[in-house]
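Novice: The structure that follows is given in the form of structure tokens.
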Amino acid sequence: MNPNPLPLDDLVPEYIRHFAAYIPSKPDDELKKLYGCDPLYRLNNNENPLGPPPAARAALKDFAPYKAAIYPSGDAWHLRRALAQKFDLEPDQFLVGNGANEVIAFVIKAFCQEGDNIITADKTFAVYEWIAEFSGFNARLVPLKDFSFDAQAMLEAIDERSKIIFICNPNNPTGTYWHKEQLTNFMERVNGRQIVVIDEAYCEFVEQDDFPDGMKLIRRYPNLVVFRTFSKMYALAGLRIGYLAGSMDVVDIIRRTCVVYSVNTLAQSAALKALNDDQHILRTREHVKAEKARLLPHLKSLGLEYQSGEGCFVMIKLPLSDTLAYRKLMGRGVMIRSMTGFRYPNWIRVSIGATAAMSAFAEALTELINSHKGIT
Amino acid sequence: MQNRYPPPKLILKTRLNPEAKLNLNTDPAFLPTVQSFIEKTVLAFGLEAKGALALTLAGEEIFNYLCDNLNLGAEIKINCRKGSCYSAVDFILPLKNLALQAFNLTATIDVDNEESLNEMGLLIASRMVDHMQISHNENGNLQLSLRKDKEYPKITAGGHPLRTPAAAPFSIVTPDTEELKFFVTASHLYTPSAFLPHDFYYPGKIVDMVNAGELHAAIIRDAAGAIGGGIVWRWYSAKMIECCGPFILADQTAALTPEQRRTAARDLLEYCLNKIARSPAVGLISLTPGPDLPQNHFEALGTVFEYHNNAPATEIKALFRLLQEDPGTIAWAHPEIEDFLRDEYRRLTLPREIRLSDSSTGESQTDFSVLTVDTDSNQSRKKVTLQPLWAGADLEKNIADHIALFNREKIANIYCTIDLGQSWQAAFTPILHKKGFQPRLILPYGGQGDLLIFQKTAAAETGPVL
């Protein structure tokens, strides 16, 4: 017997013992071997098929290897200044993280203590719920209503231990959003009692006039924290860089839980160059629009219900298990997101990818649906 | 006289499922300590006196056996656990292997053989408890677990149809105790018993399991509070959850239209799926899918046959669905089963690397094998499932002895499950084939890896079973 067996039962908190680690998908070469497919089109992570903006590409190309030996700016000094200029705020109102996921953790750590809870929706980006749960805080999940965040139900879920409310706007995976009036009404009714996080990871994809710009609301609502990312529109997902913005007092608190030096030099340089490329945004929007215009009628012709809102993705309801569909489509070299994990069993989410990838998806989906009809 | 070893170390914990631990050495002088520890603890857990006595005597026999067979002074741990409807005692031993053949259901003692007599205690212990399990725990130590179930009154199926059947629309809720018992009892009125879990004959047990978090339940209720159906689910293995239901409490001509009935069943299943969607489970199975289960949420795993007294065999289709994107895994296989596995994995579109296990390399093995037997005593489908615990040179004889025992007991439905995630179990395949078992279906992630379920064909080897 091991003389000193690890007393894991005693060492591990109860909320960790029952928490399931998220297992990311294997790398492409492994998946190709596993499913016997080549090529493999990744349409599962809402990545931008156009790649990073040209100036960011140049920054990546020009990166001098000697810089890899030197620590990055610990608090993304230049990037925060550029963000401040772009959004007419102060540099100290921004915190940059190793992807937006990291800044979620900063906020939860800053405001929650034992017995506190956060409030979010049941069918939204899972990371708010995960970080709260594995940090020992209860995540109160409010059901979506007609694919949208239900403001009234979220307000009713608040109690004296509610510290943070997470709103994904537009929502991943449904693409619905709160317009300006809905958001400001909600902020008024919260009345500064909780921190309200508006996750705007997909805001650059939205063209609707009534879509609220969270950055412009920070002065009016000091309890508002806005999340943004360079992973989606700016196509820097592989470099992991995102940020938050808020009032000076709130960001000053969050900074205390912020891990400095977590964002590498390459990511900071590329993000700095990407930030003001509005042409890239227009090109990406055009691409998403054109591919959705091809995809949606095809889904209709297959008799499939879908949910397509803002953002570079579409949810599709299938007449079969979504996880089976995932495996079947993988066999055809197309990787989508099965949605049971988002609490949408039998739905899949497909990202708007390159034209060739979307054609491969449409063909594989058609075959899947037709063969399923043949079985049933 | 001063003890040669440190005094036993006692740790008590109070949790949802309380437990107490005793660390001590294998010295017969500690026998009264062990006896007192087990008895007092399981009585405190609420086990009735008769059950506590049986578990205590079984624990004594195990401790005696360990004192005789381990080095004097070996450090062991005894852990008493309270489950929802049972109390259990674990013996955690400082070794990987021990001759435990007496744990086989078929074991007998030869009174003229001293070595055999030495195992009498194990045999007695195994017959005193309701479940036994031998396993390796996370530290690689051997763990013997004895379990005694609480007794519950059994309900008789039947009764009168509901006077006021529920009417759509419904809301889905977690039932309170009385609602849960009502749902469980009323299910017998509207669902053939073959589709109901055996525990549904014991509503009190269901309540205890739900209260302890070992079973989960949801019901549908109409605006007037009438219950229209429900679903239950529980962990089947470390990675798989099993659901039973949905069971709709209405006959086919009742207030619900077929569409309302389908919607109610789908909503119940999706409620269950959404509850477990972000759990550690990778899949959901339905081993006895009832008429209301929405099959388009599932994949067909395969079919087993249930043999009945004086009635034709019925087909039971097992269904499953994954909750996550399958990351792929390894399946250890004997060459005799390779083609079956390849065909099934292709049909199920499950990415698996099949590794062939080579049993011809001549390494030594232990003399005795151990099998556990899981019994489903539902009279309409009396069945047993064998599971390998230990491979050994007597495996073929051991399996044959078990089959003979089941034949004497007139048990027609005999299954054996092989864990394809455990390479040593591959050796069972040729013997199972020889003894008339056929592979029926693969249960993804049903064990450490996928489970392969064999079923003994009715007329093989020993002639017609019934």
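Simple scheme: letters A, B, ... for chains in structure tokens order, numbers from 1 for residues in each chain, numbers from 1 for ligands in the order shown.
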For Met339 (chain A), please output as a VMD selection string all residues within 12 Å (counting only C-alpha atoms; exclusion window: fewer than 2 positions along the same chain).
Specialist: (chain A and resid 44 123 to 126 172 to 174 314 to 318 321 to 326 336 to 337 341 to 350) or (chain B and resid 273 to 274 277 to 278 322 to 325)
Novice: Once you have the residues from the selection above, write them out as a PDB file, in the first residue's frame, restricted to C-alpha atoms.
Specialist:
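Result file is again_18.pdb:
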```pdb
ATOM      1  CA  ASN A  44     -17.786  24.376 -34.589  1.00  0.00           C
ATOM      2  CA  LYS A 123     -29.045  28.232 -22.750  1.00  0.00           C
ATOM      3  CA  THR A 124     -26.142  30.531 -23.314  1.00  0.00           C
ATOM      4  CA  PHE A 125     -22.340  30.523 -23.357  1.00  0.00           C
ATOM      5  CA  ALA A 126     -21.471  27.943 -20.715  1.00  0.00           C
ATOM      6  CA  ASN A 172     -24.520  32.565 -28.322  1.00  0.00           C
ATOM      7  CA  PRO A 173     -26.033  30.238 -29.598  1.00  0.00           C
ATOM      8  CA  THR A 174     -29.443  31.732 -30.446  1.00  0.00           C
ATOM      9  CA  VAL A 314     -26.956  29.282 -37.192  1.00  0.00           C
ATOM     10  CA  MET A 315     -28.767  26.770 -34.979  1.00  0.00           C
ATOM     11  CA  ILE A 316     -30.537  23.907 -36.732  1.00  0.00           C
ATOM     12  CA  LYS A 317     -33.049  21.472 -35.267  1.00  0.00           C
ATOM     13  CA  LEU A 318     -32.591  17.911 -36.489  1.00  0.00           C
ATOM     14  CA  SER A 321     -29.734  13.043 -32.042  1.00  0.00           C
ATOM     15  CA  ASP A 322     -27.338  15.949 -32.429  1.00  0.00           C
ATOM     16  CA  THR A 323     -24.430  13.905 -31.127  1.00  0.00           C
ATOM     17  CA  LEU A 324     -25.109  11.221 -33.743  1.00  0.00           C
ATOM     18  CA  ALA A 325     -25.276  13.969 -36.372  1.00  0.00           C
ATOM     19  CA  TYR A 326     -21.909  15.235 -35.141  1.00  0.00           C
ATOM     20  CA  ILE A 336     -20.186  21.259 -36.165  1.00  0.00           C
ATOM     21  CA  ARG A 337     -21.205  21.905 -32.548  1.00  0.00           C
ATOM     22  CA  GLY A 341     -24.354  20.715 -23.954  1.00  0.00           C
ATOM     23  CA  PHE A 342     -26.105  24.041 -24.555  1.00  0.00           C
ATOM     24  CA  ARG A 343     -29.326  22.340 -23.353  1.00  0.00           C
ATOM     25  CA  TYR A 344     -30.724  22.206 -26.881  1.00  0.00           C
ATOM     26  CA  PRO A 345     -30.927  18.440 -27.474  1.00  0.00           C
ATOM     27  CA  ASN A 346     -31.245  17.481 -31.158  1.00  0.00           C
ATOM     28  CA  TRP A 347     -30.027  20.914 -32.305  1.00  0.00           C
ATOM     29  CA  ILE A 348     -26.679  21.648 -33.877  1.00  0.00           C
ATOM     30  CA  ARG A 349     -24.894  24.961 -34.345  1.00  0.00           C
ATOM     31  CA  VAL A 350     -22.952  25.569 -37.517  1.00  0.00           C
TER      32      VAL A 350
ATOM     33  CA  LEU B 273     -31.431  15.812 -20.906  1.00  0.00           C
ATOM     34  CA  ASN B 274     -31.107  19.460 -19.946  1.00  0.00           C
ATOM     35  CA  ALA B 277     -26.330  18.121 -20.205  1.00  0.00           C
ATOM     36  CA  ARG B 278     -23.491  19.725 -18.268  1.00  0.00           C
ATOM     37  CA  LEU B 322     -24.322  10.663 -26.308  1.00  0.00           C
ATOM     38  CA  LEU B 323     -24.493  13.992 -24.512  1.00  0.00           C
ATOM     39  CA  GLN B 324     -21.176  15.185 -25.868  1.00  0.00           C
ATOM     40  CA  GLU B 325     -19.127  14.953 -28.986  1.00  0.00           C
TER      41      GLU B 325
END
```
Novice: Can you build me a table of chain B residues sitting at most 10 Å from chain A, with the closest atom pair per residue and its distance in Å to one decimal, using only C-alpha atoms, sorted by chain and residue number, as CSV?
Specialist:
```
residue,atom,partner,partner_atom,distance
B:Ala74,CA,A:Met1,CA,9.5
B:Glu75,CA,A:Met1,CA,8.4
B:Ile76,CA,A:Met1,CA,9.2
B:Ile92,CA,A:Met1,CA,9.8
B:Leu93,CA,A:Met1,CA,7.7
B:Pro94,CA,A:Met1,CA,4.4
B:Leu95,CA,A:Met1,CA,6.4
B:Lys96,CA,A:Met1,CA,9.0
B:Glu138,CA,A:Pro5,CA,9.7
B:Asn139,CA,A:Pro5,CA,6.8
B:Gly140,CA,A:Met1,CA,8.2
B:Asn141,CA,A:Met1,CA,6.7
B:Leu142,CA,A:Met1,CA,9.6
B:Leu269,CA,A:Pro345,CA,9.7
B:Glu270,CA,A:Pro345,CA,6.9
B:Tyr271,CA,A:Arg343,CA,9.0
B:Leu273,CA,A:Pro345,CA,7.1
B:Asn274,CA,A:Arg343,CA,4.8
B:Lys275,CA,A:Arg343,CA,8.1
B:Ile276,CA,A:Gly341,CA,8.8
B:Ala277,CA,A:Gly341,CA,5.0
B:Arg278,CA,A:Gly341,CA,5.8
B:Ser279,CA,A:Ala20,CA,6.2
B:Pro280,CA,A:Ala20,CA,4.5
B:Ala281,CA,A:Ala20,CA,8.2
B:Gly283,CA,A:Thr323,CA,9.7
B:Gln295,CA,A:Leu320,CA,8.6
B:Asn296,CA,A:Leu320,CA,5.0
B:His297,CA,A:Ser321,CA,4.8
B:Phe298,CA,A:Ser321,CA,6.0
B:Glu299,CA,A:Ser321,CA,7.5
B:Phe320,CA,A:Ser321,CA,9.8
B:Arg321,CA,A:Ser321,CA,6.9
B:Leu322,CA,A:Thr323,CA,5.8
B:Leu323,CA,A:Thr340,CA,5.9
B:Gln324,CA,A:Thr323,CA,6.3
B:Glu325,CA,A:Thr323,CA,5.8
B:Asp326,CA,A:Arg327,CA,7.4
B:Pro327,CA,A:Ser25,CA,6.9
B:Gly328,CA,A:Leu34,CA,7.1
B:Thr329,CA,A:Leu34,CA,9.4
B:Leu348,CA,A:Leu324,CA,8.3
B:Thr349,CA,A:Arg327,CA,6.2
B:Leu350,CA,A:Arg327,CA,7.2
B:Pro351,CA,A:Leu34,CA,5.7
B:Arg352,CA,A:Leu34,CA,7.3
B:Glu353,CA,A:Leu34,CA,7.9
```
Novice: Check region 83-169 of chain A with DSSP on the backbone and list each residue it calls alpha helix (DSSP H), as a ChimeraX atom specification.
Specialist: /A:83-87,100-111,127-134,151-157
Novice: Show which residues sit within 7 Å of Cys244 (chain B), as a ChimeraX atom specification. Count only C-alpha atoms, and ignore same-chain residues fewer than 3 positions away.
Specialist: /B:197,231-233,286
Novice: So how far away is CA of Leu83 (chain A) from CA of Phe230 (chain A), in Å?
Specialist: 12.0 Å
Novice: Quick one: which region 227-246 of chain A residues come within 9 Å of region 85-105 of chain A, and what is the nearest atom pair for each with the distance in Å to one decimal, counting only C-alpha atoms, rows ordered by chain and ascending number, as a Markdown table?
Specialist:
```
| residue | atom | partner | partner_atom | distance |
| --- | --- | --- | --- | --- |
| A:Phe227 | CA | A:Ala100 | CA | 6.8 |
| A:Arg228 | CA | A:Ala100 | CA | 6.7 |
| A:Thr229 | CA | A:Ala100 | CA | 5.7 |
| A:Phe230 | CA | A:Gly99 | CA | 7.8 |
| A:Ser231 | CA | A:Gly99 | CA | 7.5 |
| A:Ala237 | CA | A:Gly99 | CA | 7.9 |
| A:Leu239 | CA | A:Gly99 | CA | 8.1 |
| A:Arg240 | CA | A:Gly99 | CA | 4.3 |
| A:Ile241 | CA | A:Gly99 | CA | 4.0 |
| A:Gly242 | CA | A:Gly99 | CA | 4.3 |
| A:Tyr243 | CA | A:Val96 | CA | 4.2 |
| A:Leu244 | CA | A:Leu95 | CA | 5.4 |
| A:Ala245 | CA | A:Phe94 | CA | 4.5 |
| A:Gly246 | CA | A:Gln93 | CA | 5.5 |
```
